[in-house]
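Here's the structure we're looking at; comments come further down.
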Number of protein chains: 2
Amino acid sequence: MTLRAVGASAGVSRGAPYGHFTNKEHLLTELAIGTWNSLADEVEALRGDPGFEPGARLERALLALIDVARRTPHRYALMFSTSAGTPVAAEAASRLENEFLALVADIVGEPDARRYGALLMSSAHGIAGMELSGHLAKDGWHVGVEQLVTMLIDGIRPGA
Amino acid sequence: MTLRAVGASAGVSRGAPYGHFTNKEHLLTELAIGTWNSLADEVEALRGDPGFEPGARLERALLALIDVARRTPHRYALMFSTSAGTPVAAEAASRLENEFLALVADIVGEPDARRYGALLMSSAHGIAGMELSGHLAKDGWHVGVEQLVTMLIDGIRPGA
DNA sequence: CCCATTCAGATGACGCTGTCAAGTAAGGTT
DNA sequence: AACCTTACTTGACAGCGTCATCTGAATGGG
């Protein structure tokens, strides 16, 4: 199943992918899954890295998510497209979620990891979205993406 | 400028709107602006309401944003679509931003309002997006939208 | 070495959608 | 009554998602 038919879509006729994928949506879902997985790989590699303290690791993980949005906005949108509710994609997504959870648990402890993990991932997703749509750059609040991520991490360090 | 041509789009020929809008994108931008404005109205009404303490007001404001996503997902997507980077839409968006800033300033004080305002709005946006794409409901973290918003507000109350 | 099977891709068609140029019907103005 | 404006329809074009059909090349058995 040469998924390369996707990239090769330049130079090949319009209907060619339909031998490999039943739908355009299926094709895009596969792309999304690939993105989820490569991001999960990235975070997984981070988890074992002793070069950073737990807070810094988590920060890198959040920035990795945002980097996907910056570098490949279309792929990023696919990851969170409503068609990503399909079970196949949800499974790929939960790999990344678990990696995140592990990083978060190192800071806030197991019992609170889920709550804080969901908050951090949602917030990072929101920051990425705000930047993508241009609502961070121009407007009133003079804050950058990196600053916001730092605030997030700092916000969960000491207190319960 | 009967913008009603939009809703009336059922029962009217395909090309009819092009007498009123130069583009489909312009039409959608106008829709987005309307959504921004009505949300800003809602939050503005909240600002003067003495029935809630500042924290509760802010919570309601964030939930109002998320409610748009829940009730009218397409409109919500328009608000943050990349084509919302147009100056016309940015102006409507900044009305809501300023309302938010006022609410946030009541809690963290003027000097920090921008930083925290950006963080809160981004996070609420992210929470809405995660819910829309189904990444909150099914998966690992057993947390609801309301819970996350509460955590956000609680997270900025005492500490600097 | 030849033939049969298989598989990737091309081609051409269908319907739908965004867009526009040209036409037309209703209303108000003088 | 003749005129102009405004809102809409009609018909056309291009692009895209999708499919049924065909071609062409690679593979493997005899």
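Numbering starts fresh at 1 for the residues of each chain in the structure tokens, the chains themselves are lettered A, B, ... in the order given, and ligands are numbered from 1 as they appear.
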
12 Å contact set for DC19 of chain D, only C-alpha atoms (C1' of nucleotides), chain neighbours under 2 positions out, as number ranges by chain: A: 14-16, 18-19, 22-23; C: 11-15; D: 17, 21

Store the residues picked out above in a file with N, CA and C atoms (P, O5', C5', C4', C3', O3' and C1' of nucleotides), as a PDB file, in the first residue's frame.
ATOM      1  N   ARG A  14      -6.120  12.433 -11.550  1.00  0.00           N
ATOM      2  CA  ARG A  14      -6.975  12.767 -10.415  1.00  0.00           C
ATOM      3  C   ARG A  14      -7.547  11.547  -9.705  1.00  0.00           C
ATOM      4  N   GLY A  15      -7.890  10.540 -10.481  1.00  0.00           N
ATOM      5  CA  GLY A  15      -8.592   9.410  -9.883  1.00  0.00           C
ATOM      6  C   GLY A  15      -7.666   8.314  -9.377  1.00  0.00           C
ATOM      7  N   ALA A  16      -6.359   8.483  -9.562  1.00  0.00           N
ATOM      8  CA  ALA A  16      -5.416   7.417  -9.214  1.00  0.00           C
ATOM      9  C   ALA A  16      -5.518   6.958  -7.757  1.00  0.00           C
ATOM     10  N   TYR A  18      -7.845   6.471  -5.906  1.00  0.00           N
ATOM     11  CA  TYR A  18      -9.042   5.719  -5.548  1.00  0.00           C
ATOM     12  C   TYR A  18      -8.868   4.214  -5.727  1.00  0.00           C
ATOM     13  N   GLY A  19      -7.702   3.811  -6.224  1.00  0.00           N
ATOM     14  CA  GLY A  19      -7.378   2.411  -6.182  1.00  0.00           C
ATOM     15  C   GLY A  19      -6.832   2.017  -4.822  1.00  0.00           C
ATOM     16  N   THR A  22     -10.564   4.240  -0.284  1.00  0.00           N
ATOM     17  CA  THR A  22     -11.966   4.220  -0.688  1.00  0.00           C
ATOM     18  C   THR A  22     -12.515   5.632  -0.802  1.00  0.00           C
ATOM     19  N   ASN A  23     -11.982   6.538  -0.074  1.00  0.00           N
ATOM     20  CA  ASN A  23     -12.529   7.889   0.041  1.00  0.00           C
ATOM     21  C   ASN A  23     -11.423   8.921   0.075  1.00  0.00           C
TER      22      ASN A  23
ATOM     23  P    DT C  11      -4.301   9.957 -20.203  1.00  0.00           P
ATOM     24  O5'  DT C  11      -5.679   9.550 -20.898  1.00  0.00           O
ATOM     25  C5'  DT C  11      -6.146   8.209 -20.755  1.00  0.00           C
ATOM     26  C4'  DT C  11      -7.598   8.103 -21.175  1.00  0.00           C
ATOM     27  C3'  DT C  11      -8.349   9.427 -21.394  1.00  0.00           C
ATOM     28  O3'  DT C  11      -9.206   9.297 -22.508  1.00  0.00           O
ATOM     29  C1'  DT C  11      -9.416   8.179 -19.695  1.00  0.00           C
ATOM     30  P    DG C  12      -9.884  10.555 -23.234  1.00  0.00           P
ATOM     31  O5'  DG C  12     -11.423  10.403 -22.842  1.00  0.00           O
ATOM     32  C5'  DG C  12     -12.059   9.130 -22.942  1.00  0.00           C
ATOM     33  C4'  DG C  12     -13.343   9.113 -22.136  1.00  0.00           C
ATOM     34  C3'  DG C  12     -14.158  10.414 -22.195  1.00  0.00           C
ATOM     35  O3'  DG C  12     -15.529  10.075 -22.378  1.00  0.00           O
ATOM     36  C1'  DG C  12     -13.783   9.797 -19.956  1.00  0.00           C
ATOM     37  P    DA C  13     -16.584  11.155 -22.789  1.00  0.00           P
ATOM     38  O5'  DA C  13     -17.617  11.069 -21.581  1.00  0.00           O
ATOM     39  C5'  DA C  13     -18.229   9.817 -21.282  1.00  0.00           C
ATOM     40  C4'  DA C  13     -18.757   9.830 -19.864  1.00  0.00           C
ATOM     41  C3'  DA C  13     -19.676  11.016 -19.549  1.00  0.00           C
ATOM     42  O3'  DA C  13     -21.000  10.542 -19.332  1.00  0.00           O
ATOM     43  C1'  DA C  13     -18.080  10.605 -17.806  1.00  0.00           C
ATOM     44  P    DC C  14     -22.173  11.544 -19.178  1.00  0.00           P
ATOM     45  O5'  DC C  14     -22.362  11.680 -17.605  1.00  0.00           O
ATOM     46  C5'  DC C  14     -22.652  10.522 -16.836  1.00  0.00           C
ATOM     47  C4'  DC C  14     -22.745  10.944 -15.379  1.00  0.00           C
ATOM     48  C3'  DC C  14     -23.501  12.268 -15.202  1.00  0.00           C
ATOM     49  O3'  DC C  14     -24.639  12.088 -14.374  1.00  0.00           O
ATOM     50  C1'  DC C  14     -21.396  12.282 -14.042  1.00  0.00           C
ATOM     51  P    DG C  15     -25.675  13.267 -14.202  1.00  0.00           P
ATOM     52  O5'  DG C  15     -25.220  13.851 -12.790  1.00  0.00           O
ATOM     53  C5'  DG C  15     -25.046  12.976 -11.689  1.00  0.00           C
ATOM     54  C4'  DG C  15     -24.487  13.765 -10.510  1.00  0.00           C
ATOM     55  C3'  DG C  15     -25.208  15.094 -10.247  1.00  0.00           C
ATOM     56  O3'  DG C  15     -25.370  15.255  -8.853  1.00  0.00           O
ATOM     57  C1'  DG C  15     -22.912  15.496 -10.596  1.00  0.00           C
TER      58       DG C  15
ATOM     59  P    DG D  17     -11.063  17.022  -4.430  1.00  0.00           P
ATOM     60  O5'  DG D  17     -12.233  15.930  -4.422  1.00  0.00           O
ATOM     61  C5'  DG D  17     -13.337  16.129  -3.550  1.00  0.00           C
ATOM     62  C4'  DG D  17     -14.389  15.091  -3.850  1.00  0.00           C
ATOM     63  C3'  DG D  17     -13.933  13.638  -3.675  1.00  0.00           C
ATOM     64  O3'  DG D  17     -14.953  12.916  -3.015  1.00  0.00           O
ATOM     65  C1'  DG D  17     -14.745  13.958  -5.873  1.00  0.00           C
ATOM     66  P    DT D  21     -18.590  -0.803 -16.275  1.00  0.00           P
ATOM     67  O5'  DT D  21     -17.390  -0.539 -17.304  1.00  0.00           O
ATOM     68  C5'  DT D  21     -17.452   0.611 -18.135  1.00  0.00           C
ATOM     69  C4'  DT D  21     -16.094   0.890 -18.754  1.00  0.00           C
ATOM     70  C3'  DT D  21     -15.379  -0.356 -19.293  1.00  0.00           C
ATOM     71  O3'  DT D  21     -15.163  -0.196 -20.687  1.00  0.00           O
ATOM     72  C1'  DT D  21     -13.902   1.038 -18.092  1.00  0.00           C
TER      73       DT D  21
END

Determine which residues of chain B sit within 9 Å of chain A, taking into account only C-alpha atoms, and present them as a CSV table (one decimal) with C-alpha atoms, in the first residue's frame.
chain,number,residue,atom,x,y,z
B,79,MET,CA,-14.5,32.7,13.5
B,80,PHE,CA,-11.1,31.1,13.7
B,81,SER,CA,-10.7,30.2,10.0
B,82,THR,CA,-7.4,31.4,8.5
B,83,SER,CA,-9.4,33.8,6.3
B,84,ALA,CA,-10.4,35.5,9.6
B,85,GLY,CA,-7.0,37.3,9.3
B,90,ALA,CA,-9.8,41.2,13.1
B,91,GLU,CA,-11.6,44.3,14.3
B,93,ALA,CA,-12.6,39.9,17.0
B,94,SER,CA,-10.8,42.5,19.0
B,97,GLU,CA,-10.9,40.4,23.1
B,98,ASN,CA,-11.3,43.7,24.9
B,101,LEU,CA,-9.4,41.7,28.9
B,113,ALA,CA,-4.3,41.1,32.0
B,114,ARG,CA,-3.0,40.8,28.5
B,115,ARG,CA,-0.8,37.7,29.3
B,116,TYR,CA,-3.6,35.9,31.2
B,117,GLY,CA,-6.3,37.0,28.8
B,118,ALA,CA,-4.4,35.5,25.8
B,119,LEU,CA,-3.8,32.3,27.8
B,120,LEU,CA,-7.4,32.0,28.8
B,121,MET,CA,-8.9,32.7,25.4
B,122,SER,CA,-6.5,30.4,23.7
B,123,SER,CA,-7.2,27.6,26.2
B,124,ALA,CA,-10.9,28.0,25.9
B,125,HIS,CA,-10.5,27.9,22.2
B,126,GLY,CA,-8.5,24.8,22.5
B,127,ILE,CA,-11.0,23.1,24.8
B,128,ALA,CA,-13.8,23.9,22.3
B,129,GLY,CA,-11.7,22.5,19.5
B,130,MET,CA,-10.9,19.3,21.4
B,132,LEU,CA,-15.6,19.5,18.6
B,133,SER,CA,-13.2,17.0,17.2
B,134,GLY,CA,-14.2,14.4,19.7
B,135,HIS,CA,-10.8,14.2,21.4
B,136,LEU,CA,-12.2,15.0,24.8
B,138,LYS,CA,-14.2,9.3,24.3
B,139,ASP,CA,-10.5,9.1,25.1
B,140,GLY,CA,-8.3,8.6,28.1
B,141,TRP,CA,-8.7,11.7,30.3
B,142,HIS,CA,-12.1,11.5,32.0
B,143,VAL,CA,-12.6,15.3,32.2
B,147,GLN,CA,-14.2,21.0,34.7
B,148,LEU,CA,-11.4,22.3,32.5
B,149,VAL,CA,-12.7,25.8,32.5
B,151,MET,CA,-9.4,24.6,36.5
B,152,LEU,CA,-8.3,27.4,34.3
B,155,GLY,CA,-5.3,28.5,38.2
B,156,ILE,CA,-5.1,32.2,37.8
B,159,GLY,CA,-0.6,33.4,42.4

Just want the 12 Å neighbourhood of segment 24-27 of chain D, counted on only C-alpha atoms (C1' of nucleotides), with same-chain residues fewer than 2 positions away dropped. Output as an mmCIF file with N, CA and C atoms (P, O5', C5', C4', C3', O3' and C1' of nucleotides), in the first residue's frame.
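Output (result_0.cif):
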data_model
loop_
_atom_site.group_PDB
_atom_site.id
_atom_site.type_symbol
_atom_site.label_atom_id
_atom_site.label_comp_id
_atom_site.auth_asym_id
_atom_site.auth_seq_id
_atom_site.Cartn_x
_atom_site.Cartn_y
_atom_site.Cartn_z
ATOM 1 P P DC C 3 1.360 -16.793 -27.220
ATOM 2 O "O5'" DC C 3 0.271 -17.040 -26.090
ATOM 3 C "C5'" DC C 3 0.128 -18.342 -25.524
ATOM 4 C "C4'" DC C 3 -0.246 -18.227 -24.058
ATOM 5 C "C3'" DC C 3 -1.392 -17.245 -23.768
ATOM 6 O "O3'" DC C 3 -2.415 -17.923 -23.069
ATOM 7 C "C1'" DC C 3 0.439 -16.874 -22.301
ATOM 8 P P DA C 4 -3.855 -17.274 -22.959
ATOM 9 O "O5'" DA C 4 -4.013 -17.094 -21.383
ATOM 10 C "C5'" DA C 4 -3.731 -18.192 -20.531
ATOM 11 C "C4'" DA C 4 -3.606 -17.708 -19.100
ATOM 12 C "C3'" DA C 4 -4.736 -16.776 -18.656
ATOM 13 O "O3'" DA C 4 -5.146 -17.141 -17.349
ATOM 14 C "C1'" DA C 4 -2.642 -15.691 -18.387
ATOM 15 P P DT C 5 -6.499 -16.571 -16.739
ATOM 16 O "O5'" DT C 5 -5.999 -15.777 -15.445
ATOM 17 C "C5'" DT C 5 -4.934 -16.331 -14.686
ATOM 18 C "C4'" DT C 5 -4.221 -15.236 -13.919
ATOM 19 C "C3'" DT C 5 -5.142 -14.176 -13.288
ATOM 20 O "O3'" DT C 5 -4.987 -14.227 -11.887
ATOM 21 C "C1'" DT C 5 -3.239 -13.197 -14.328
ATOM 22 P P DT C 6 -5.922 -13.330 -10.900
ATOM 23 O "O5'" DT C 6 -4.994 -12.070 -10.568
ATOM 24 C "C5'" DT C 6 -3.596 -12.265 -10.409
ATOM 25 C "C4'" DT C 6 -2.901 -10.920 -10.298
ATOM 26 C "C3'" DT C 6 -3.763 -9.806 -9.689
ATOM 27 O "O3'" DT C 6 -3.011 -9.140 -8.700
ATOM 28 C "C1'" DT C 6 -2.800 -9.083 -11.722
ATOM 29 P P DC C 7 -3.760 -8.337 -7.511
ATOM 30 O "O5'" DC C 7 -2.997 -6.930 -7.571
ATOM 31 C "C5'" DC C 7 -1.649 -6.881 -8.051
ATOM 32 C "C4'" DC C 7 -1.382 -5.548 -8.721
ATOM 33 C "C3'" DC C 7 -2.270 -4.394 -8.190
ATOM 34 O "O3'" DC C 7 -1.463 -3.258 -7.957
ATOM 35 C "C1'" DC C 7 -2.355 -4.487 -10.534
ATOM 36 P P DA C 8 -1.986 -2.036 -7.042
ATOM 37 O "O5'" DA C 8 -1.301 -0.775 -7.747
ATOM 38 C "C5'" DA C 8 0.003 -0.923 -8.322
ATOM 39 C "C4'" DA C 8 0.189 0.109 -9.422
ATOM 40 C "C3'" DA C 8 -0.441 1.470 -9.118
ATOM 41 O "O3'" DA C 8 0.456 2.513 -9.472
ATOM 42 C "C1'" DA C 8 -1.379 0.571 -11.116
ATOM 43 P P DG C 9 0.107 4.006 -9.076
ATOM 44 O "O5'" DG C 9 -0.514 4.611 -10.406
ATOM 45 C "C5'" DG C 9 0.296 4.650 -11.568
ATOM 46 C "C4'" DG C 9 -0.598 4.772 -12.786
ATOM 47 C "C3'" DG C 9 -1.488 6.031 -12.812
ATOM 48 O "O3'" DG C 9 -0.929 6.984 -13.709
ATOM 49 C "C1'" DG C 9 -2.646 4.050 -13.552
ATOM 50 P P DA C 10 -1.814 8.196 -14.298
ATOM 51 O "O5'" DA C 10 -2.604 7.540 -15.516
ATOM 52 C "C5'" DA C 10 -1.911 7.166 -16.693
ATOM 53 C "C4'" DA C 10 -2.864 7.113 -17.881
ATOM 54 C "C3'" DA C 10 -3.620 8.418 -18.175
ATOM 55 O "O3'" DA C 10 -3.712 8.593 -19.594
ATOM 56 C "C1'" DA C 10 -5.172 6.690 -17.619
ATOM 57 P P DC D 22 -14.594 -1.480 -21.539
ATOM 58 O "O5'" DC D 22 -13.071 -1.056 -21.792
ATOM 59 C "C5'" DC D 22 -12.799 0.167 -22.465
ATOM 60 C "C4'" DC D 22 -11.354 0.584 -22.237
ATOM 61 C "C3'" DC D 22 -10.301 -0.432 -22.730
ATOM 62 O "O3'" DC D 22 -9.467 0.205 -23.680
ATOM 63 C "C1'" DC D 22 -9.793 0.344 -20.557
ATOM 64 P P DG D 29 5.140 -19.615 -10.145
ATOM 65 O "O5'" DG D 29 4.312 -20.490 -11.209
ATOM 66 C "C5'" DG D 29 2.903 -20.266 -11.354
ATOM 67 C "C4'" DG D 29 2.369 -21.023 -12.554
ATOM 68 C "C3'" DG D 29 2.925 -22.437 -12.734
ATOM 69 O "O3'" DG D 29 1.926 -23.288 -13.263
ATOM 70 C "C1'" DG D 29 3.600 -21.090 -14.558
#

Report as a PDB file with C-alpha atoms (C1' of nucleotides), in the first residue's frame the set of chain C residues whose atoms approach chain B to within 10 Å, with distances computed over only C-alpha atoms (C1' of nucleotides).
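File part.pdb, as written:
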ATOM      1  C1'  DT C  17     -20.009  23.745  -6.514  1.00  0.00           C
ATOM      2  C1'  DG C  18     -17.950  28.541  -7.072  1.00  0.00           C
ATOM      3  C1'  DT C  19     -18.169  32.102 -10.343  1.00  0.00           C
ATOM      4  C1'  DC C  20     -19.680  35.226 -13.837  1.00  0.00           C
TER       5       DC C  20
END

When you look at DC8 of chain D with a cut-off of 9 Å (counting only C-alpha atoms (C1' of nucleotides)), what residues show up, excluding the ones that are within fewer than 5 positions of it in the same chain? I need them as JSON, numbers by chain. {"B": [12, 13, 16], "C": [24, 25]}

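Ranking A:Leu58, A:Glu146, A:Glu25, A:Ala45 by their shortest atom-to-atom distance to chain D, with only C-alpha atoms (C1' of nucleotides) included, puts A:Glu25 first.
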
Using only C-alpha atoms (C1' of nucleotides), I'd like every residue of chain D that has an atom within 12 Å of chain B; please write them out as a PyMOL selection string. chain D and resi 6-11

For the residues selected in the previous step, produce a file with N, CA and C atoms (P, O5', C5', C4', C3', O3' and C1' of nucleotides) as an mmCIF file, in the first residue's frame.
data_model
loop_
_atom_site.group_PDB
_atom_site.id
_atom_site.type_symbol
_atom_site.label_atom_id
_atom_site.label_comp_id
_atom_site.auth_asym_id
_atom_site.auth_seq_id
_atom_site.Cartn_x
_atom_site.Cartn_y
_atom_site.Cartn_z
ATOM 1 P P DT D 6 -29.580 50.656 -6.993
ATOM 2 O "O5'" DT D 6 -30.336 49.305 -6.634
ATOM 3 C "C5'" DT D 6 -31.716 49.366 -6.294
ATOM 4 C "C4'" DT D 6 -32.286 47.963 -6.193
ATOM 5 C "C3'" DT D 6 -31.248 46.908 -5.824
ATOM 6 O "O3'" DT D 6 -31.719 46.194 -4.705
ATOM 7 C "C1'" DT D 6 -32.500 46.235 -7.739
ATOM 8 P P DA D 7 -30.878 44.963 -4.104
ATOM 9 O "O5'" DA D 7 -31.671 43.718 -4.689
ATOM 10 C "C5'" DA D 7 -33.019 43.521 -4.316
ATOM 11 C "C4'" DA D 7 -33.547 42.295 -5.029
ATOM 12 C "C3'" DA D 7 -32.692 41.040 -4.773
ATOM 13 O "O3'" DA D 7 -33.508 39.961 -4.349
ATOM 14 C "C1'" DA D 7 -32.931 41.416 -7.102
ATOM 15 P P DC D 8 -32.796 38.582 -3.907
ATOM 16 O "O5'" DC D 8 -32.940 37.645 -5.191
ATOM 17 C "C5'" DC D 8 -34.241 37.394 -5.707
ATOM 18 C "C4'" DC D 8 -34.178 37.013 -7.160
ATOM 19 C "C3'" DC D 8 -33.401 35.737 -7.456
ATOM 20 O "O3'" DC D 8 -34.306 34.619 -7.477
ATOM 21 C "C1'" DC D 8 -33.129 37.431 -9.136
ATOM 22 P P DT D 9 -33.639 33.175 -7.894
ATOM 23 O "O5'" DT D 9 -33.682 33.141 -9.488
ATOM 24 C "C5'" DT D 9 -34.918 33.417 -10.162
ATOM 25 C "C4'" DT D 9 -34.740 33.238 -11.663
ATOM 26 C "C3'" DT D 9 -34.166 31.877 -12.061
ATOM 27 O "O3'" DT D 9 -34.952 31.318 -13.119
ATOM 28 C "C1'" DT D 9 -32.801 33.623 -12.939
ATOM 29 P P DT D 10 -34.718 29.800 -13.627
ATOM 30 O "O5'" DT D 10 -33.800 29.919 -14.917
ATOM 31 C "C5'" DT D 10 -33.894 31.062 -15.729
ATOM 32 C "C4'" DT D 10 -32.804 31.078 -16.807
ATOM 33 C "C3'" DT D 10 -32.164 29.723 -17.117
ATOM 34 O "O3'" DT D 10 -32.164 29.528 -18.529
ATOM 35 C "C1'" DT D 10 -30.482 31.316 -16.627
ATOM 36 P P DG D 11 -31.900 28.098 -19.172
ATOM 37 O "O5'" DG D 11 -30.395 28.228 -19.716
ATOM 38 C "C5'" DG D 11 -30.020 29.382 -20.457
ATOM 39 C "C4'" DG D 11 -28.515 29.462 -20.557
ATOM 40 C "C3'" DG D 11 -27.809 28.123 -20.741
ATOM 41 O "O3'" DG D 11 -26.832 28.250 -21.763
ATOM 42 C "C1'" DG D 11 -26.868 29.277 -18.923
#

Contacts of Leu39 of chain B within 9 Å, only C-alpha atoms (C1' of nucleotides), excl. fewer than 4 positions in-chain, as a VMD selection string: chain B and resid 34 to 35 43 to 44 61 64 to 65 68 96

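With only C-alpha atoms as the atoms that count, the minimum distance from Thr72 of chain B to the choices B:Leu46, B:Asp106, B:Asp112, B:Ala32 is reached by B:Ala32.
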